[in-house]
Amino acid sequence: MKIAVVGAGIGGLTVAGLMCQIGHDVNVYEGKDNLDQVGAGIGIGSNALKALKQYRMAYAIEQEGQPLEQIKIHSDLDENLSALNMKQDDTHNITIHRNVLHEILKTYVPSERIHLNHKVTEFKPTGDGVRLCFDNGEVEEFELVIAADGLHSNIRTQIYPKSLPKYAGYTCFRGVVNAKLDIDGKEALEYWGHKGRFGIVPLKENQYYWFCTMNAKENDLQFKSFEKPHLQAYFNQFPNEVRQILDAQDEVGILQHDIYDIAPLKSFVSGRVVLLGDAAHATTPNMGQGAGQAIEDAVTLANLIKDRDIEAALKRYDKLRVKHTKKVILKSRKIGKVGQATSTMKIKSRNAMMKKTSSKAMNRKVKFLQKAKLK
Ligand SMILES: Cc1cc2nc3c(=O)[nH]c(=O)nc-3n(C[C@H](O)[C@H](O)[C@H](O)COP(=O)(O)OP(=O)(O)OC[C@H]3O[C@@H](n4cnc5c(N)ncnc54)[C@H](O)[C@@H]3O)c2cc1C
C-alpha cells in the first residue's frame with residue numbers, strides 16, 4: 001500500500017519503521033529542514049516497550065535506555081509522599097535521551113524515504129485515497145495518510161477545526177546534566193511544593209534529565225526570560241538534590257515549553273486519513289505517556305493493517321485507541337491539577353492523602369496502561 005506519514009517525530013518514525021518492516025511503500029514528510037530533536041530526556045513506559053517487542057525496534061531502545069524501577073515523590077521539605085513501582089514483569093520502563101531515541105527510530109526508515117522541507121498544507125480526499133498538498137507546491141496521492149504531525153497538527157484541525165491545543169496553566173523547564181549525584185540510578189525523584197514540581201530522572205552513564213513545572217500565564221514573559229540563576233533562586237528552598245542538579249546544569253541548553261493537551265477526540269479516522277500520536281491525543285506530560293501512546297498507536301495500526309483490509313483495520317484502530325488515550329489525557333490532566341496546587345490547604349490535604357495511599361494502590365491507578373489491546 002502507498003502510505004504517507006506526515007511528521008518525523010517519535011510517532012511518525014515509529015509507524016513508518018513498522019510499516020516498512022511489513023512491506024508497505026512508505027514515505028515520511030517532515031516540515032522542518034532537519035530531524036534534530038528539541039528535548040532532554042524522555043521516559044518510555046513498559047507498556048509501550050512491551051507493545052513494540054514483536055518488532056525489531058524494541059531491542060535497540062531497551063539496550064540504549066536506562067531501566068527505571070521506581071518514581072519517588074517527596075514534598076519540597078523532603079518528606080516521603082508516595083512511590084510508584086515501575087517494575088513490570090520482564091519489561092522495564094526506560095529513560096533515554098531524546099536524540100538517542102530518534103537516532104534509533106531513524107535507522108528503521110530508509111533515509112531516501114524521509115523528505116525534509118515538506119510541510120503539508122492540506123489534504124483532499126479522492127475516491128479511495130488522499131491527495132496531500134505541500135508548501136513547496138508539490139501534490140501527491142496516497143492510499144493511506146498517517147498524520148503524525150504533533151500537537152499543532154494542521155491535518156487534525158482540517159478535520160476538527162475546533163480541536164486546538166488547550167493550555168494547562170503551567171510551564172516547564174528541562175535540561176540534561178552530566179554529574180555524579182548520590183541518587184540511585186534506577187529511581188526518579190520528584191519534589192512537589194508550593195512553587196511547583198521538580199523532577200530528577202537518571203539517564204545512562206552519570207547523565208540526569210531534570211524538569212520543573214510552575215504555574216504561569218500562557219507565554220508568560222517572566223518565565224521566558226528565566227535563565228539558570230533564576231531557576232536556582234526560584235528553587236533555592238528545595239532539597240539538596242535539586243540545588244545540586246541546577247548547579248551542574250550549563251548556562252545554555254535549558255529548554256522551556258508551556259504545557260498543552262487537547263480535548264479527547266471522538267474518532268482518529270477520516271476516510272483514508274488516520275491521526276496518530278500527539279496529533280490524535282496530545283496529553284500533558286504528567287504520566288510520561290505521550291510518546292508511549294504514540295508508540296502503541298503505531299504498533300496497533302501496523303498489527304491491524306497486517307491482518308485486515310484497510311477499512312476494517314481503521315475501524316478497529318479507532319475502537320482500540322480513542323477510548324484508551326482519552327483515559328490518559330484525562331488522568332494526566334488531573335495529576336497536573338493536583339500536582340500544581342498552590343493553596344496551603346489543598347497541599348496539606350493532598351500530601352496527607354498521598355502519604356496514606358500505598359504504593360500498591362498508586363500502581364492500581366495506572367494499571368490500565370498495561371491492558372491496551374493491540375489488535
Ligand atoms: C515537557 C514534556 C515532557 C514529556 N515527557 C514525556 C515522557 O517522559 N514520556 C513520554 O512518553 N512522553 C513525554 N512527552 C510527550 C512526548 O514528547 C510526545 O507525546 C511525543 O513526542 C509526540 O510525538 P509525535 O511524533 O506524535 O509528535 P511530535 O514529536 O510533535 O512530532 C511531530 C512532527 O511533525 C512535524 N510536523 C508538524 N506539522 C507538520 C506538517 N504540516 N507537515 C509536515 N510535518 C509536520 C513536526 O515538525 C514534528 O517533527 C513529554 C512532552 C513534554 C512537552
# chains A, B, ... in the order shown; residues from 1 in each chain; ligands from 1
$ residues_near_ligand --ligand "ligand 1" --cutoff "6 Å" --atoms "only C-alpha atoms and all ligand atoms" --output "PyMOL selection string"
chain A and resi 6-12+29-32+42-44+118-121+148-151+153-154+172+259+277-279+285+288-292+294
$ select_by_dssp --residues "stretch 135-330 of chain A" --states "helix (DSSP H, G or I)" --output "count of residues only"
72
$ residues_around --residues "A:Ala313" --least-positions-apart "6" --cutoff "8 Å" --atoms "only C-alpha atoms" --output "mmCIF file with N, CA and C atoms, in the first residue's frame"
data_model
loop_
_atom_site.group_PDB
_atom_site.id
_atom_site.type_symbol
_atom_site.label_atom_id
_atom_site.label_comp_id
_atom_site.auth_asym_id
_atom_site.auth_seq_id
_atom_site.Cartn_x
_atom_site.Cartn_y
_atom_site.Cartn_z
ATOM 1 N N LEU A 301 -1.716 0.041 14.750
ATOM 2 C CA LEU A 301 -2.038 0.249 13.336
ATOM 3 C C LEU A 301 -1.302 -0.765 12.454
ATOM 4 N N LEU A 304 -2.912 -4.206 12.786
ATOM 5 C CA LEU A 304 -4.229 -4.306 12.158
ATOM 6 C C LEU A 304 -4.122 -4.317 10.641
ATOM 7 N N ILE A 305 -3.223 -3.506 10.126
ATOM 8 C CA ILE A 305 -3.087 -3.424 8.667
ATOM 9 C C ILE A 305 -2.478 -4.718 8.108
ATOM 10 N N ASP A 307 -3.272 -7.654 9.202
ATOM 11 C CA ASP A 307 -4.247 -8.742 9.275
ATOM 12 C C ASP A 307 -5.574 -8.489 8.571
#
$ residues_around --residues "A:Lys360" --least-positions-apart "2" --cutoff "10 Å" --atoms "only C-alpha atoms" --output "ChimeraX atom specification"
/A:83-85,357-358,362-365
$ write_last_selection --atoms "N, CA and C atoms" --output "PDB file, in the first residue's frame"
ATOM      1  N   ALA A  83       5.260   6.596  46.357  1.00  0.00           N
ATOM      2  CA  ALA A  83       6.208   5.936  45.447  1.00  0.00           C
ATOM      3  C   ALA A  83       5.426   5.102  44.447  1.00  0.00           C
ATOM      4  N   LEU A  84       5.903   5.117  43.227  1.00  0.00           N
ATOM      5  CA  LEU A  84       5.264   4.322  42.180  1.00  0.00           C
ATOM      6  C   LEU A  84       6.272   3.282  41.723  1.00  0.00           C
ATOM      7  N   ASN A  85       5.872   2.026  41.870  1.00  0.00           N
ATOM      8  CA  ASN A  85       6.772   0.953  41.458  1.00  0.00           C
ATOM      9  C   ASN A  85       6.649   0.754  39.955  1.00  0.00           C
ATOM     10  N   THR A 357      -1.790   6.692  50.835  1.00  0.00           N
ATOM     11  CA  THR A 357      -2.019   5.755  49.726  1.00  0.00           C
ATOM     12  C   THR A 357      -0.799   4.850  49.554  1.00  0.00           C
ATOM     13  N   SER A 358      -1.021   3.557  49.603  1.00  0.00           N
ATOM     14  CA  SER A 358       0.111   2.631  49.492  1.00  0.00           C
ATOM     15  C   SER A 358       0.630   2.631  48.053  1.00  0.00           C
ATOM     16  N   MET A 362      -1.325   3.065  44.449  1.00  0.00           N
ATOM     17  CA  MET A 362      -0.881   4.011  43.403  1.00  0.00           C
ATOM     18  C   MET A 362      -0.747   3.275  42.076  1.00  0.00           C
ATOM     19  N   ASN A 363      -0.150   2.080  42.144  1.00  0.00           N
ATOM     20  CA  ASN A 363       0.050   1.311  40.921  1.00  0.00           C
ATOM     21  C   ASN A 363      -1.268   0.882  40.276  1.00  0.00           C
ATOM     22  N   ARG A 364      -2.250   0.603  41.148  1.00  0.00           N
ATOM     23  CA  ARG A 364      -3.554   0.182  40.600  1.00  0.00           C
ATOM     24  C   ARG A 364      -4.156   1.272  39.717  1.00  0.00           C
ATOM     25  N   LYS A 365      -3.889   2.544  40.093  1.00  0.00           N
ATOM     26  CA  LYS A 365      -4.481   3.663  39.344  1.00  0.00           C
ATOM     27  C   LYS A 365      -3.969   3.747  37.902  1.00  0.00           C
TER      28      LYS A 365
END
$ atom_distance --atom1 "atom CA of A:Arg98" --atom2 "atom CA of A:Tyr191"
23.0 Å
$ select_by_dssp --residues "stretch 186-352 of chain A" --states "strand (DSSP E or B)" --output "ChimeraX atom specification"
/A:187-193,196-202,207-215,255-261,269-270,273-275
$ residues_around --residues "stretch 224-226 of chain A" --least-positions-apart "5" --cutoff "8 Å" --atoms "only C-alpha atoms" --output "list in words"
Asn219, Leu231 and Gln256 of chain A
$ residues_around --residues "A:Lys327" --least-positions-apart "2" --cutoff "12 Å" --atoms "only C-alpha atoms" --output "list of chain:residue names"
A:Ala263, A:Pro264, A:Leu265, A:His281, A:Ala282, A:Thr283, A:Met287, A:Gln289, A:Gln293, A:Arg321, A:Val322, A:Lys323, A:His324, A:Thr325, A:Ile329, A:Leu330, A:Lys331, A:Ser332, A:Arg333, A:Lys334, A:Lys365, A:Val366, A:Lys367, A:Phe368, A:Leu369, A:Ala372
$ write_last_selection --atoms "N, CA, C and O atoms" --output "JSON list (two decimals), in the first residue's frame"
[["chain", "number", "residue", "atom", "x", "y", "z"],
["A", 263, "ALA", "N", -8.53, 18.39, 23.85],
["A", 263, "ALA", "CA", -9.73, 17.70, 24.33],
["A", 263, "ALA", "C", -9.82, 16.38, 23.56],
["A", 263, "ALA", "O", -9.57, 16.36, 22.34],
["A", 264, "PRO", "N", -10.17, 15.28, 24.25],
["A", 264, "PRO", "CA", -10.25, 13.99, 23.56],
["A", 264, "PRO", "C", -11.16, 14.05, 22.33],
["A", 264, "PRO", "O", -12.22, 14.66, 22.38],
["A", 265, "LEU", "N", -10.71, 13.42, 21.24],
["A", 265, "LEU", "CA", -11.50, 13.40, 20.00],
["A", 265, "LEU", "C", -12.43, 12.19, 19.99],
["A", 265, "LEU", "O", -12.18, 11.20, 20.68],
["A", 281, "HIS", "N", -3.99, 12.71, 20.16],
["A", 281, "HIS", "CA", -4.34, 12.71, 21.59],
["A", 281, "HIS", "C", -3.23, 13.35, 22.45],
["A", 281, "HIS", "O", -2.81, 12.75, 23.44],
["A", 282, "ALA", "N", -2.79, 14.54, 22.06],
["A", 282, "ALA", "CA", -1.74, 15.20, 22.86],
["A", 282, "ALA", "C", -2.18, 15.27, 24.32],
["A", 282, "ALA", "O", -3.32, 15.64, 24.62],
["A", 283, "THR", "N", -1.28, 14.90, 25.20],
["A", 283, "THR", "CA", -1.59, 14.87, 26.63],
["A", 283, "THR", "C", -0.53, 15.64, 27.40],
["A", 283, "THR", "O", 0.59, 15.80, 26.91],
["A", 287, "MET", "N", 1.95, 11.86, 33.16],
["A", 287, "MET", "CA", 2.07, 10.40, 33.28],
["A", 287, "MET", "C", 3.26, 9.87, 32.47],
["A", 287, "MET", "O", 3.49, 8.66, 32.43],
["A", 289, "GLN", "N", 3.51, 9.63, 29.24],
["A", 289, "GLN", "CA", 2.91, 8.64, 28.34],
["A", 289, "GLN", "C", 2.69, 9.13, 26.91],
["A", 289, "GLN", "O", 2.20, 8.36, 26.08],
["A", 293, "GLN", "N", 2.18, 6.36, 24.17],
["A", 293, "GLN", "CA", 0.89, 6.14, 23.49],
["A", 293, "GLN", "C", 1.06, 6.25, 21.97],
["A", 293, "GLN", "O", 0.39, 5.54, 21.22],
["A", 321, "ARG", "N", -8.05, 2.68, 20.15],
["A", 321, "ARG", "CA", -7.17, 3.77, 20.60],
["A", 321, "ARG", "C", -7.91, 4.98, 21.18],
["A", 321, "ARG", "O", -7.37, 5.68, 22.04],
["A", 322, "VAL", "N", -9.12, 5.28, 20.69],
["A", 322, "VAL", "CA", -9.78, 6.53, 21.10],
["A", 322, "VAL", "C", -10.09, 6.50, 22.60],
["A", 322, "VAL", "O", -9.73, 7.44, 23.35],
["A", 323, "LYS", "N", -10.72, 5.43, 23.05],
["A", 323, "LYS", "CA", -11.14, 5.36, 24.45],
["A", 323, "LYS", "C", -9.92, 5.28, 25.38],
["A", 323, "LYS", "O", -9.87, 5.94, 26.43],
["A", 324, "HIS", "N", -8.96, 4.49, 24.98],
["A", 324, "HIS", "CA", -7.79, 4.27, 25.83],
["A", 324, "HIS", "C", -7.00, 5.58, 26.02],
["A", 324, "HIS", "O", -6.64, 5.96, 27.14],
["A", 325, "THR", "N", -6.77, 6.30, 24.92],
["A", 325, "THR", "CA", -5.96, 7.52, 25.04],
["A", 325, "THR", "C", -6.76, 8.66, 25.71],
["A", 325, "THR", "O", -6.16, 9.54, 26.32],
["A", 329, "ILE", "N", -5.35, 11.15, 28.64],
["A", 329, "ILE", "CA", -5.44, 12.62, 28.64],
["A", 329, "ILE", "C", -6.10, 13.10, 29.94],
["A", 329, "ILE", "O", -5.58, 14.00, 30.61],
["A", 330, "LEU", "N", -7.21, 12.47, 30.31],
["A", 330, "LEU", "CA", -7.97, 12.98, 31.45],
["A", 330, "LEU", "C", -7.24, 12.71, 32.78],
["A", 330, "LEU", "O", -7.20, 13.58, 33.65],
["A", 331, "LYS", "N", -6.64, 11.54, 32.88],
["A", 331, "LYS", "CA", -5.92, 11.22, 34.12],
["A", 331, "LYS", "C", -4.70, 12.13, 34.28],
["A", 331, "LYS", "O", -4.39, 12.64, 35.35],
["A", 332, "SER", "N", -4.01, 12.33, 33.18],
["A", 332, "SER", "CA", -2.80, 13.14, 33.20],
["A", 332, "SER", "C", -3.14, 14.60, 33.57],
["A", 332, "SER", "O", -2.43, 15.25, 34.34],
["A", 333, "ARG", "N", -4.25, 15.07, 33.02],
["A", 333, "ARG", "CA", -4.72, 16.43, 33.32],
["A", 333, "ARG", "C", -4.97, 16.55, 34.83],
["A", 333, "ARG", "O", -4.62, 17.55, 35.47],
["A", 334, "LYS", "N", -5.60, 15.52, 35.39],
["A", 334, "LYS", "CA", -5.96, 15.54, 36.80],
["A", 334, "LYS", "C", -4.70, 15.55, 37.69],
["A", 334, "LYS", "O", -4.61, 16.31, 38.66],
["A", 365, "LYS", "N", -3.89, 2.54, 40.09],
["A", 365, "LYS", "CA", -4.48, 3.66, 39.34],
["A", 365, "LYS", "C", -3.97, 3.75, 37.90],
["A", 365, "LYS", "O", -4.60, 4.36, 37.05],
["A", 366, "VAL", "N", -2.81, 3.19, 37.66],
["A", 366, "VAL", "CA", -2.26, 3.27, 36.29],
["A", 366, "VAL", "C", -2.18, 1.89, 35.63],
["A", 366, "VAL", "O", -1.56, 1.74, 34.58],
["A", 367, "LYS", "N", -2.82, 0.93, 36.26],
["A", 367, "LYS", "CA", -2.77, -0.44, 35.73],
["A", 367, "LYS", "C", -3.37, -0.54, 34.33],
["A", 367, "LYS", "O", -2.94, -1.36, 33.51],
["A", 368, "PHE", "N", -4.35, 0.33, 34.05],
["A", 368, "PHE", "CA", -5.00, 0.25, 32.72],
["A", 368, "PHE", "C", -3.98, 0.44, 31.59],
["A", 368, "PHE", "O", -4.20, -0.03, 30.47],
["A", 369, "LEU", "N", -2.86, 1.10, 31.89],
["A", 369, "LEU", "CA", -1.86, 1.32, 30.84],
["A", 369, "LEU", "C", -1.31, 0.00, 30.30],
["A", 369, "LEU", "O", -0.90, -0.09, 29.15],
["A", 372, "ALA", "N", -3.76, -2.27, 27.32],
["A", 372, "ALA", "CA", -4.21, -1.85, 25.97],
["A", 372, "ALA", "C", -4.20, -3.04, 25.02],
["A", 372, "ALA", "O", -3.21, -3.77, 24.96]]
$ atom_distance --atom1 "atom CA of A:Tyr208" --atom2 "atom CA of A:Met86"
18.0 Å
$ atom_distance --atom1 "atom CA of A:Phe238" --atom2 "atom CA of A:Leu81"
14.9 Å
$ decode --residues "stretch 45-56 of chain A" --atoms "all heavy atoms" --output "compact mmCIF listing (two decimals), in the first residue's frame"
# COMPACT_ATOMS: atom_id res chain seq x y z
N GLY A 45 7.37 4.12 28.76
CA GLY A 45 6.71 3.17 29.66
C GLY A 45 6.88 1.73 29.19
O GLY A 45 7.00 1.46 28.00
N SER A 46 6.84 0.82 30.17
CA SER A 46 6.97 -0.60 29.82
C SER A 46 5.82 -1.05 28.92
O SER A 46 5.98 -1.96 28.11
CB SER A 46 7.02 -1.45 31.08
OG SER A 46 5.85 -1.23 31.84
N ASN A 47 4.65 -0.39 29.04
CA ASN A 47 3.53 -0.74 28.16
C ASN A 47 3.91 -0.56 26.70
O ASN A 47 3.59 -1.40 25.85
CB ASN A 47 2.30 0.12 28.50
CG ASN A 47 2.59 1.62 28.48
OD1 ASN A 47 3.50 2.08 29.16
ND2 ASN A 47 1.86 2.38 27.70
N ALA A 48 4.62 0.53 26.40
CA ALA A 48 4.99 0.81 25.01
C ALA A 48 6.09 -0.15 24.54
O ALA A 48 6.05 -0.65 23.42
CB ALA A 48 5.46 2.25 24.88
N LEU A 49 7.04 -0.42 25.43
CA LEU A 49 8.13 -1.32 25.02
C LEU A 49 7.61 -2.74 24.82
O LEU A 49 8.01 -3.44 23.91
CB LEU A 49 9.25 -1.31 26.07
CG LEU A 49 10.08 -0.03 26.05
CD1 LEU A 49 11.09 -0.04 27.18
CD2 LEU A 49 10.79 0.14 24.71
N LYS A 50 6.68 -3.13 25.70
CA LYS A 50 6.09 -4.46 25.56
C LYS A 50 5.35 -4.56 24.22
O LYS A 50 5.45 -5.54 23.50
CB LYS A 50 5.11 -4.71 26.72
CG LYS A 50 5.13 -6.17 27.17
CD LYS A 50 4.07 -6.47 28.20
CE LYS A 50 4.33 -5.84 29.54
NZ LYS A 50 3.23 -6.03 30.49
N ALA A 51 4.63 -3.50 23.88
CA ALA A 51 3.90 -3.49 22.61
C ALA A 51 4.87 -3.64 21.43
O ALA A 51 4.59 -4.36 20.48
CB ALA A 51 3.11 -2.19 22.49
N LEU A 52 6.01 -2.97 21.54
CA LEU A 52 6.97 -2.96 20.43
C LEU A 52 7.75 -4.26 20.30
O LEU A 52 8.41 -4.49 19.29
CB LEU A 52 7.99 -1.84 20.67
CG LEU A 52 7.94 -0.56 19.86
CD1 LEU A 52 9.21 0.23 20.08
CD2 LEU A 52 7.74 -0.80 18.36
N LYS A 53 7.69 -5.10 21.34
CA LYS A 53 8.59 -6.26 21.40
C LYS A 53 8.49 -7.19 20.21
O LYS A 53 9.44 -7.85 19.85
CB LYS A 53 8.37 -7.03 22.70
CG LYS A 53 9.28 -6.49 23.79
CD LYS A 53 9.72 -7.52 24.76
CE LYS A 53 10.92 -6.96 25.50
NZ LYS A 53 10.93 -7.32 26.89
N GLN A 54 7.30 -7.25 19.61
CA GLN A 54 7.17 -8.16 18.47
C GLN A 54 7.87 -7.61 17.23
O GLN A 54 8.00 -8.29 16.23
CB GLN A 54 5.70 -8.38 18.18
CG GLN A 54 4.96 -7.08 18.01
CD GLN A 54 3.46 -7.23 17.93
OE1 GLN A 54 2.98 -7.94 17.09
NE2 GLN A 54 2.75 -6.55 18.80
N TYR A 55 8.32 -6.36 17.28
CA TYR A 55 9.06 -5.77 16.16
C TYR A 55 10.50 -5.52 16.62
O TYR A 55 10.78 -5.48 17.80
CB TYR A 55 8.39 -4.47 15.72
CG TYR A 55 6.99 -4.68 15.18
CD1 TYR A 55 5.88 -4.53 15.99
CD2 TYR A 55 6.80 -5.10 13.86
CE1 TYR A 55 4.59 -4.75 15.51
CE2 TYR A 55 5.51 -5.33 13.37
CZ TYR A 55 4.42 -5.15 14.19
OH TYR A 55 3.17 -5.38 13.70
N ARG A 56 11.38 -5.32 15.64
CA ARG A 56 12.81 -5.26 15.97
C ARG A 56 13.22 -4.06 16.83
O ARG A 56 14.17 -4.14 17.58
CB ARG A 56 13.63 -5.23 14.67
CG ARG A 56 13.61 -6.54 13.91
CD ARG A 56 14.66 -6.51 12.83
NE ARG A 56 14.38 -5.51 11.82
CZ ARG A 56 13.88 -5.80 10.62
NH1 ARG A 56 13.60 -7.03 10.30
NH2 ARG A 56 13.67 -4.84 9.75
